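Coordinates from work35.txt are shown below (compact mmCIF, C-alpha atoms and all ligand atoms).
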```txt
# COMPACT_ATOMS: atom_id res chain seq x y z
CA MET A 18 102.25 9.95 -75.66
CA ARG A 19 100.77 13.39 -75.84
CA PHE A 20 99.70 15.57 -78.69
CA TYR A 21 99.99 19.27 -78.28
CA PHE A 22 97.88 20.24 -81.25
CA GLY A 23 94.24 19.37 -81.88
CA SER A 24 93.42 17.50 -85.05
CA SER A 25 91.84 20.62 -86.55
CA ALA A 26 95.07 22.56 -86.04
CA LEU A 27 97.02 19.77 -87.69
CA LEU A 28 94.54 19.63 -90.54
CA ALA A 29 94.70 23.39 -91.03
CA THR A 30 98.49 23.19 -91.08
CA ALA A 31 98.39 20.35 -93.58
CA LEU A 32 95.92 22.24 -95.77
CA TRP A 33 98.06 25.34 -95.58
CA ILE A 34 101.16 23.43 -96.68
CA VAL A 35 99.34 21.81 -99.59
CA VAL A 36 97.72 25.03 -100.74
CA ALA A 37 100.83 27.15 -100.27
CA SER A 38 102.95 24.75 -102.28
CA VAL A 39 100.60 24.67 -105.27
CA PRO A 40 98.87 28.05 -105.33
CA SER A 41 98.37 28.14 -109.09
CA LEU A 42 96.73 24.72 -109.11
CA ALA A 43 94.36 25.74 -106.33
CA MET A 44 93.02 28.67 -108.30
CA ASP A 45 93.35 27.52 -111.91
CA SER A 46 91.39 24.32 -111.43
CA GLY A 47 88.29 26.31 -110.57
CA GLN A 48 88.29 24.79 -107.12
CA GLN A 49 86.25 26.67 -104.56
CA ALA A 50 88.46 28.87 -102.41
CA LEU A 51 86.09 28.96 -99.43
CA VAL A 52 84.76 26.07 -97.40
CA ILE A 53 81.58 26.73 -95.42
CA GLU A 54 80.88 24.88 -92.17
CA ASP A 55 78.13 24.87 -89.53
CA ALA A 56 75.70 27.16 -91.38
CA TRP A 57 72.57 27.78 -89.31
CA SER A 58 69.81 30.26 -88.59
CA PRO A 59 67.76 30.57 -85.41
CA GLN A 60 64.11 30.04 -86.27
CA MET A 61 62.13 33.25 -86.08
CA PRO A 62 58.46 33.68 -85.14
CA PRO A 63 56.14 33.65 -88.20
CA ASN A 64 55.35 37.38 -87.85
CA VAL A 65 59.01 38.43 -87.97
CA SER A 66 60.29 39.15 -91.49
CA MET A 67 63.97 39.22 -90.49
CA ALA A 68 66.39 36.48 -89.61
CA ALA A 69 70.04 36.05 -88.77
CA GLY A 70 72.45 33.51 -90.22
CA TYR A 71 75.71 32.15 -88.86
CA LEU A 72 78.47 30.04 -90.36
CA THR A 73 82.18 29.38 -90.35
CA VAL A 74 84.10 30.21 -93.51
CA VAL A 75 87.56 28.79 -94.21
CA ASN A 76 89.80 30.09 -96.98
CA ILE A 77 91.68 27.06 -98.32
CA SER A 78 93.22 28.98 -101.21
CA ALA A 79 96.54 30.85 -101.31
CA VAL A 80 95.05 34.30 -101.89
CA PRO A 81 92.67 36.57 -99.96
CA VAL A 82 89.03 36.10 -100.95
CA THR A 83 86.35 38.75 -100.46
CA ILE A 84 82.64 38.12 -100.02
CA THR A 85 81.24 41.09 -101.92
CA SER A 86 77.50 40.46 -101.74
CA LEU A 87 74.86 37.99 -100.62
CA SER A 88 71.38 37.06 -101.74
CA SER A 89 68.59 34.63 -100.97
CA PRO A 90 65.48 33.52 -102.87
CA ALA A 91 63.57 33.87 -99.58
CA TYR A 92 64.54 37.43 -98.58
CA HIS A 93 64.68 40.71 -100.48
CA ALA A 94 67.93 41.86 -98.89
CA VAL A 95 70.86 39.97 -97.39
CA ALA A 96 73.99 41.53 -95.90
CA ILE A 97 76.79 40.87 -93.45
CA HIS A 98 76.55 42.84 -90.22
CA ARG A 99 78.78 43.27 -87.22
CA SER A 100 77.17 43.64 -83.79
CA LEU A 101 78.63 46.28 -81.53
CA ILE A 102 78.00 47.24 -77.95
CA GLU A 103 79.01 50.82 -77.19
CA ASN A 104 78.19 52.43 -73.86
CA GLY A 105 75.86 49.56 -73.14
CA VAL A 106 73.86 50.09 -76.32
CA ALA A 107 73.72 47.30 -78.90
CA SER A 108 73.84 48.24 -82.55
CA MET A 109 74.89 46.81 -85.88
CA VAL A 110 76.93 48.08 -88.78
CA LYS A 111 76.94 46.70 -92.30
CA VAL A 112 80.18 45.08 -93.43
CA LYS A 113 80.55 45.95 -97.09
CA ASP A 114 83.36 43.60 -98.12
CA LEU A 115 84.32 40.69 -95.90
CA VAL A 116 87.92 39.63 -96.60
CA ILE A 117 89.03 36.12 -95.60
CA ASN A 118 92.81 35.69 -95.73
CA PRO A 119 94.58 32.51 -96.88
CA GLY A 120 94.26 29.83 -94.22
CA GLN A 121 91.91 31.95 -92.13
CA ARG A 122 88.97 30.36 -90.33
CA LEU A 123 86.37 33.06 -89.68
CA LYS A 124 83.40 32.27 -87.48
CA LEU A 125 80.19 34.28 -87.71
CA SER A 126 78.37 33.82 -84.41
CA PRO A 127 75.78 35.49 -82.16
CA GLY A 128 77.07 38.75 -80.72
CA GLY A 129 79.57 39.34 -83.53
CA LEU A 130 79.56 39.02 -87.29
CA HIS A 131 76.30 37.69 -88.71
CA ILE A 132 74.35 37.37 -91.90
CA MET A 133 71.29 39.59 -91.83
CA LEU A 134 68.30 38.47 -93.85
CA MET A 135 65.81 41.29 -94.27
CA ASN A 136 62.31 41.62 -95.67
CA ARG A 137 61.13 38.06 -96.14
CA LYS A 138 59.41 37.43 -99.47
CA SER A 139 56.93 34.78 -98.34
CA LYS A 140 54.54 35.14 -95.41
CA SER A 141 55.37 31.66 -94.15
CA ALA A 142 58.67 31.27 -92.38
CA SER A 143 61.05 28.56 -93.45
CA THR A 144 60.97 25.67 -91.03
CA GLU A 145 63.95 23.57 -92.02
CA SER A 146 66.43 25.27 -94.30
CA LEU A 147 67.22 28.63 -95.80
CA PRO A 148 69.22 28.92 -99.03
CA ILE A 149 71.61 31.81 -99.55
CA GLU A 150 74.25 32.71 -102.13
CA LEU A 151 77.64 34.24 -101.39
CA LYS A 152 79.20 36.18 -104.27
CA LEU A 153 82.99 36.40 -104.26
CA ASP A 154 85.43 38.85 -105.78
CA ASP A 155 86.95 36.01 -107.84
CA GLY A 156 83.65 35.68 -109.69
CA ASN A 157 82.52 32.50 -107.97
CA VAL A 158 79.17 32.09 -106.25
CA ILE A 159 78.82 29.73 -103.30
CA ASP A 160 75.45 28.17 -102.53
CA VAL A 161 74.93 27.73 -98.79
CA THR A 162 72.01 26.17 -96.95
CA LEU A 163 71.38 27.53 -93.46
CA ASN A 164 69.86 24.92 -91.18
CA VAL A 165 66.96 26.54 -89.35
CA ILE A 166 67.25 25.68 -85.66
CA PRO A 167 64.19 26.11 -83.44
CA GLY A 168 64.66 27.33 -79.90
CA ARG A 169 68.30 28.26 -80.23
CA VAL A 170 67.76 31.90 -79.30
CA GLN A 171 68.29 31.65 -75.56
CA SER A 172 70.79 34.03 -74.00
CA PRO A 173 70.48 37.81 -73.74
CA GLN A 174 73.55 38.05 -75.95
CA THR A 175 71.93 36.20 -78.85
CA GLU A 176 68.72 38.15 -78.38
CA GLN A 177 70.68 41.33 -78.89
CA VAL A 178 71.65 39.99 -82.27
CA THR A 179 68.36 38.53 -83.42
CA ASP A 180 65.84 40.91 -81.90
CA HIS A 181 66.34 43.76 -84.32
CA SER A 182 63.08 45.53 -83.63
CA LYS A 183 64.34 47.37 -80.55
CA HIS A 184 67.69 48.70 -81.60
CA MET A 185 67.90 48.94 -85.36
CA HIS A 186 70.76 51.32 -85.98
CA HIS A 187 72.53 50.68 -89.23
CA GLY A 188 75.61 52.34 -90.55
CA SER A 189 75.92 52.70 -94.29
CU CU B 201 72.10 42.50 -88.23
```

Write out the structure in this file as structure tokens.
Amino acid sequence: MRFYFGSSALLATALWIVVASVPSLAMDSGQQALVIEDAWSPQMPPNVSMAAGYLTVVNISAVPVTITSLSSPAYHAVAIHRSLIENGVASMVKVKDLVINPGQRLKLSPGGLHIMLMNRKSKSASTESLPIELKLDDGNVIDVTLNVIPGRVQSPQTEQVTDHSKHMHHGS
């Protein structure tokens, strides 16, 4: 006996069927439209006041949901960025509104979309966890805890994302 779909694909299909068949229930009950998975942040050296955050966001509702802004008690500014490499030069642009469509599973990962935490408030870096808030266009706010992972910045690709000192080049 062979299965041609992974369990996650089956689960996503099952979720999609449930949500699509009762869209009004999904939204009217106040249920959270987005599920956050695998939220983490590579630990930064104590003298660096920036950090990056990564997570997977799944829209389990029947309507598009937009992340309109982010904040953290530990950093003065938090935004979503997209890393780009053009003509061999790495840069980042700010993503103003991040739309997650119904049933979509969007992964923020090194080298692509990431959460940028800028201007740390405290001099001491967080060692274990980093709280952030995601504000949505439906009025909800999602509390997320980024697990701070030491020693996870390894490859040149991830360094391009997390070492912002050398190539800071933000769009507006
Ligand atoms: Cu960035």

Would you list the residues near (83.3, 43.7, -101.0), meaning any protein, DNA or RNA residue with an atom at most 7 Å from that point in file coordinates, counting only C-alpha atoms, as a tab-separated table (two decimals) with C-alpha atoms, keeping the file's coordinate frame?
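The resulting file, result_10.tsv, is reproduced below:
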```tsv
chain	number	residue	atom	x	y	z
A	83	THR	CA	86.35	38.75	-100.46
A	84	ILE	CA	82.64	38.12	-100.02
A	85	THR	CA	81.24	41.09	-101.92
A	86	SER	CA	77.50	40.46	-101.74
A	113	LYS	CA	80.55	45.95	-97.09
A	114	ASP	CA	83.36	43.60	-98.12
A	115	LEU	CA	84.32	40.69	-95.90
```

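Based on all atoms listed in the file, the protein and nucleic acid residues found within 7 Å of ligand CU 201 (chain B) are, by chain and then by number, A:Ala69, A:His98, A:Arg99, A:Ser100, A:Met109, A:His131, A:Ile132, A:Met133, A:Val178.
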
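The space between CA of Pro63 (chain A) and CA of Lys140 (chain A) spans 7.5 Å.
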
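Around Leu72 (chain A), within 6 Å and counting only C-alpha atoms, the residues found are Glu54, Asp55, Ala56 and Leu125 of chain A, once anything fewer than 2 positions away on its own chain is removed.
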
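In terms of minimum interatomic distance to Ser58 (chain A), A:Asn164 ranks closest within A:Gln121, A:Ser108, A:Asn164, A:Ser139, counting only C-alpha atoms.
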
Next on the checklist: I'd like the neighbourhood of region 60-62 of chain A as a PyMOL selection string, where a residue qualifies if any of its atoms comes within 7 Å (using only C-alpha atoms), though same-chain residues fewer than 6 positions away should be ignored.
Outcome noted: chain A and resi 68+165-168

Item to check | Selection near Pro119 (chain A), 7 Å with only C-alpha atoms, sequence-local residues under 2 positions removed, as a PyMOL selection string | outcome: chain A and resi 76-81+117+121

Distance query region 155-162 of chain A at most 8 Å, only C-alpha atoms, self and fewer than 5 positions along chain excluded, as a PDB file with C-alpha atoms, keeping the file's coordinate frame:
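Just written: around_3.pdb:
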```
ATOM      1  CA  GLN A  49      86.250  26.670-104.560  1.00  0.00           C
ATOM      2  CA  ILE A  53      81.580  26.730 -95.420  1.00  0.00           C
ATOM      3  CA  ALA A  56      75.700  27.160 -91.380  1.00  0.00           C
ATOM      4  CA  TRP A  57      72.570  27.780 -89.310  1.00  0.00           C
ATOM      5  CA  VAL A  82      89.030  36.100-100.950  1.00  0.00           C
ATOM      6  CA  THR A  83      86.350  38.750-100.460  1.00  0.00           C
ATOM      7  CA  SER A 146      66.430  25.270 -94.300  1.00  0.00           C
ATOM      8  CA  LEU A 147      67.220  28.630 -95.800  1.00  0.00           C
ATOM      9  CA  PRO A 148      69.220  28.920 -99.030  1.00  0.00           C
ATOM     10  CA  ILE A 149      71.610  31.810 -99.550  1.00  0.00           C
ATOM     11  CA  GLU A 150      74.250  32.710-102.130  1.00  0.00           C
TER      12      GLU A 150
END
```

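The gap separating CA of Asn136 (chain A) from CA of Ile102 (chain A) is 24.3 Å, in Å to one decimal.
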
Checklist entry - CA of Gly128 (chain A) to CA of Pro90 (chain A): how many Å, to one decimal? => result 25.5 Å

Could you write region 66-110 of chain A of the block just shown to a file containing N, CA and C atoms, as a JSON list (two decimals), in the first residue's frame?
```json
[["chain", "number", "residue", "atom", "x", "y", "z"],
["A", 66, "SER", "N", 22.56, 45.26, 17.63],
["A", 66, "SER", "CA", 21.23, 45.68, 18.10],
["A", 66, "SER", "C", 20.13, 45.28, 17.12],
["A", 67, "MET", "N", 20.47, 44.46, 16.13],
["A", 67, "MET", "CA", 19.48, 43.96, 15.17],
["A", 67, "MET", "C", 19.37, 42.45, 15.28],
["A", 68, "ALA", "N", 18.24, 41.95, 14.83],
["A", 68, "ALA", "CA", 18.07, 40.51, 14.75],
["A", 68, "ALA", "C", 17.08, 40.19, 13.64],
["A", 69, "ALA", "N", 17.12, 38.95, 13.22],
["A", 69, "ALA", "CA", 16.15, 38.48, 12.22],
["A", 69, "ALA", "C", 15.25, 37.43, 12.86],
["A", 70, "GLY", "N", 14.02, 37.35, 12.36],
["A", 70, "GLY", "CA", 13.09, 36.33, 12.84],
["A", 70, "GLY", "C", 12.50, 35.57, 11.67],
["A", 71, "TYR", "N", 12.24, 34.28, 11.90],
["A", 71, "TYR", "CA", 11.67, 33.44, 10.85],
["A", 71, "TYR", "C", 10.52, 32.62, 11.41],
["A", 72, "LEU", "N", 9.53, 32.36, 10.59],
["A", 72, "LEU", "CA", 8.41, 31.53, 11.01],
["A", 72, "LEU", "C", 7.65, 31.07, 9.77],
["A", 73, "THR", "N", 6.75, 30.13, 10.01],
["A", 73, "THR", "CA", 5.82, 29.70, 8.97],
["A", 73, "THR", "C", 4.43, 30.13, 9.39],
["A", 74, "VAL", "N", 3.71, 30.78, 8.48],
["A", 74, "VAL", "CA", 2.36, 31.25, 8.78],
["A", 74, "VAL", "C", 1.38, 30.54, 7.85],
["A", 75, "VAL", "N", 0.32, 29.99, 8.46],
["A", 75, "VAL", "CA", -0.69, 29.25, 7.70],
["A", 75, "VAL", "C", -2.04, 29.94, 7.89],
["A", 76, "ASN", "N", -2.68, 30.25, 6.79],
["A", 76, "ASN", "CA", -4.01, 30.86, 6.85],
["A", 76, "ASN", "C", -5.07, 29.75, 6.82],
["A", 77, "ILE", "N", -5.69, 29.51, 7.97],
["A", 77, "ILE", "CA", -6.70, 28.44, 8.05],
["A", 77, "ILE", "C", -8.12, 28.98, 7.87],
["A", 78, "SER", "N", -8.22, 30.27, 7.54],
["A", 78, "SER", "CA", -9.55, 30.85, 7.34],
["A", 78, "SER", "C", -9.92, 30.79, 5.85],
["A", 79, "ALA", "N", -11.09, 31.30, 5.52],
["A", 79, "ALA", "CA", -11.58, 31.25, 4.14],
["A", 79, "ALA", "C", -11.37, 32.56, 3.39],
["A", 80, "VAL", "N", -10.70, 33.51, 4.04],
["A", 80, "VAL", "CA", -10.49, 34.81, 3.40],
["A", 80, "VAL", "C", -9.00, 35.19, 3.48],
["A", 81, "PRO", "N", -8.53, 36.03, 2.57],
["A", 81, "PRO", "CA", -7.15, 36.51, 2.68],
["A", 81, "PRO", "C", -6.95, 37.30, 3.98],
["A", 82, "VAL", "N", -5.79, 37.14, 4.59],
["A", 82, "VAL", "CA", -5.47, 37.88, 5.81],
["A", 82, "VAL", "C", -4.16, 38.62, 5.57],
["A", 83, "THR", "N", -4.10, 39.87, 5.98],
["A", 83, "THR", "CA", -2.92, 40.69, 5.77],
["A", 83, "THR", "C", -2.26, 41.02, 7.10],
["A", 84, "ILE", "N", -0.96, 40.77, 7.19],
["A", 84, "ILE", "CA", -0.19, 41.26, 8.33],
["A", 84, "ILE", "C", 0.19, 42.70, 8.01],
["A", 85, "THR", "N", -0.35, 43.64, 8.78],
["A", 85, "THR", "CA", -0.17, 45.05, 8.45],
["A", 85, "THR", "C", 0.97, 45.71, 9.22],
["A", 86, "SER", "N", 1.26, 45.19, 10.42],
["A", 86, "SER", "CA", 2.39, 45.76, 11.16],
["A", 86, "SER", "C", 2.84, 44.78, 12.23],
["A", 87, "LEU", "N", 4.05, 45.00, 12.73],
["A", 87, "LEU", "CA", 4.62, 44.15, 13.76],
["A", 87, "LEU", "C", 5.23, 45.01, 14.84],
["A", 88, "SER", "N", 5.35, 44.45, 16.04],
["A", 88, "SER", "CA", 6.02, 45.16, 17.11],
["A", 88, "SER", "C", 6.62, 44.16, 18.08],
["A", 89, "SER", "N", 7.49, 44.66, 18.94],
["A", 89, "SER", "CA", 8.10, 43.81, 19.96],
["A", 89, "SER", "C", 8.44, 44.67, 21.16],
["A", 90, "PRO", "N", 8.26, 44.15, 22.38],
["A", 90, "PRO", "CA", 8.67, 44.93, 23.56],
["A", 90, "PRO", "C", 10.19, 45.07, 23.64],
["A", 91, "ALA", "N", 10.92, 44.26, 22.87],
["A", 91, "ALA", "CA", 12.38, 44.26, 22.99],
["A", 91, "ALA", "C", 13.09, 45.11, 21.94],
["A", 92, "TYR", "N", 12.36, 45.51, 20.89],
["A", 92, "TYR", "CA", 12.98, 46.29, 19.80],
["A", 92, "TYR", "C", 12.11, 47.50, 19.45],
["A", 93, "HIS", "N", 12.75, 48.58, 19.07],
["A", 93, "HIS", "CA", 12.00, 49.80, 18.74],
["A", 93, "HIS", "C", 11.24, 49.66, 17.43],
["A", 94, "ALA", "N", 11.78, 48.92, 16.48],
["A", 94, "ALA", "CA", 11.12, 48.81, 15.18],
["A", 94, "ALA", "C", 11.16, 47.36, 14.70],
["A", 95, "VAL", "N", 10.03, 46.91, 14.18],
["A", 95, "VAL", "CA", 9.94, 45.55, 13.63],
["A", 95, "VAL", "C", 9.22, 45.63, 12.29],
["A", 96, "ALA", "N", 9.76, 44.96, 11.29],
["A", 96, "ALA", "CA", 9.14, 44.99, 9.96],
["A", 96, "ALA", "C", 9.40, 43.67, 9.26],
["A", 97, "ILE", "N", 8.65, 43.44, 8.19],
["A", 97, "ILE", "CA", 8.92, 42.29, 7.32],
["A", 97, "ILE", "C", 9.75, 42.76, 6.14],
["A", 98, "HIS", "N", 10.82, 42.05, 5.88],
["A", 98, "HIS", "CA", 11.71, 42.37, 4.76],
["A", 98, "HIS", "C", 11.76, 41.20, 3.79],
["A", 99, "ARG", "N", 12.13, 41.51, 2.57],
["A", 99, "ARG", "CA", 12.43, 40.47, 1.59],
["A", 99, "ARG", "C", 13.87, 40.66, 1.11],
["A", 100, "SER", "N", 14.65, 39.59, 1.21],
["A", 100, "SER", "CA", 16.04, 39.65, 0.74],
["A", 100, "SER", "C", 16.08, 39.47, -0.77],
["A", 101, "LEU", "N", 16.91, 40.24, -1.40],
["A", 101, "LEU", "CA", 17.08, 40.16, -2.85],
["A", 101, "LEU", "C", 18.56, 40.06, -3.18],
["A", 102, "ILE", "N", 18.87, 39.36, -4.23],
["A", 102, "ILE", "CA", 20.23, 39.40, -4.75],
["A", 102, "ILE", "C", 20.14, 39.82, -6.21],
["A", 103, "GLU", "N", 20.64, 41.02, -6.49],
["A", 103, "GLU", "CA", 20.63, 41.55, -7.86],
["A", 103, "GLU", "C", 22.05, 41.86, -8.28],
["A", 104, "ASN", "N", 22.47, 41.30, -9.40],
["A", 104, "ASN", "CA", 23.83, 41.49, -9.90],
["A", 104, "ASN", "C", 24.86, 41.15, -8.83],
["A", 105, "GLY", "N", 24.55, 40.10, -8.06],
["A", 105, "GLY", "CA", 25.49, 39.65, -7.06],
["A", 105, "GLY", "C", 25.52, 40.47, -5.80],
["A", 106, "VAL", "N", 24.65, 41.47, -5.70],
["A", 106, "VAL", "CA", 24.63, 42.33, -4.51],
["A", 106, "VAL", "C", 23.38, 42.03, -3.69],
["A", 107, "ALA", "N", 23.58, 41.70, -2.42],
["A", 107, "ALA", "CA", 22.45, 41.39, -1.54],
["A", 107, "ALA", "C", 21.86, 42.68, -0.98],
["A", 108, "SER", "N", 20.54, 42.74, -0.97],
["A", 108, "SER", "CA", 19.88, 43.89, -0.37],
["A", 108, "SER", "C", 18.54, 43.43, 0.19],
["A", 109, "MET", "N", 17.84, 44.35, 0.83],
["A", 109, "MET", "CA", 16.54, 44.01, 1.40],
["A", 109, "MET", "C", 15.55, 45.12, 1.11],
["A", 110, "VAL", "N", 14.32, 44.74, 0.90],
["A", 110, "VAL", "CA", 13.26, 45.73, 0.76],
["A", 110, "VAL", "C", 12.19, 45.44, 1.81]]
```
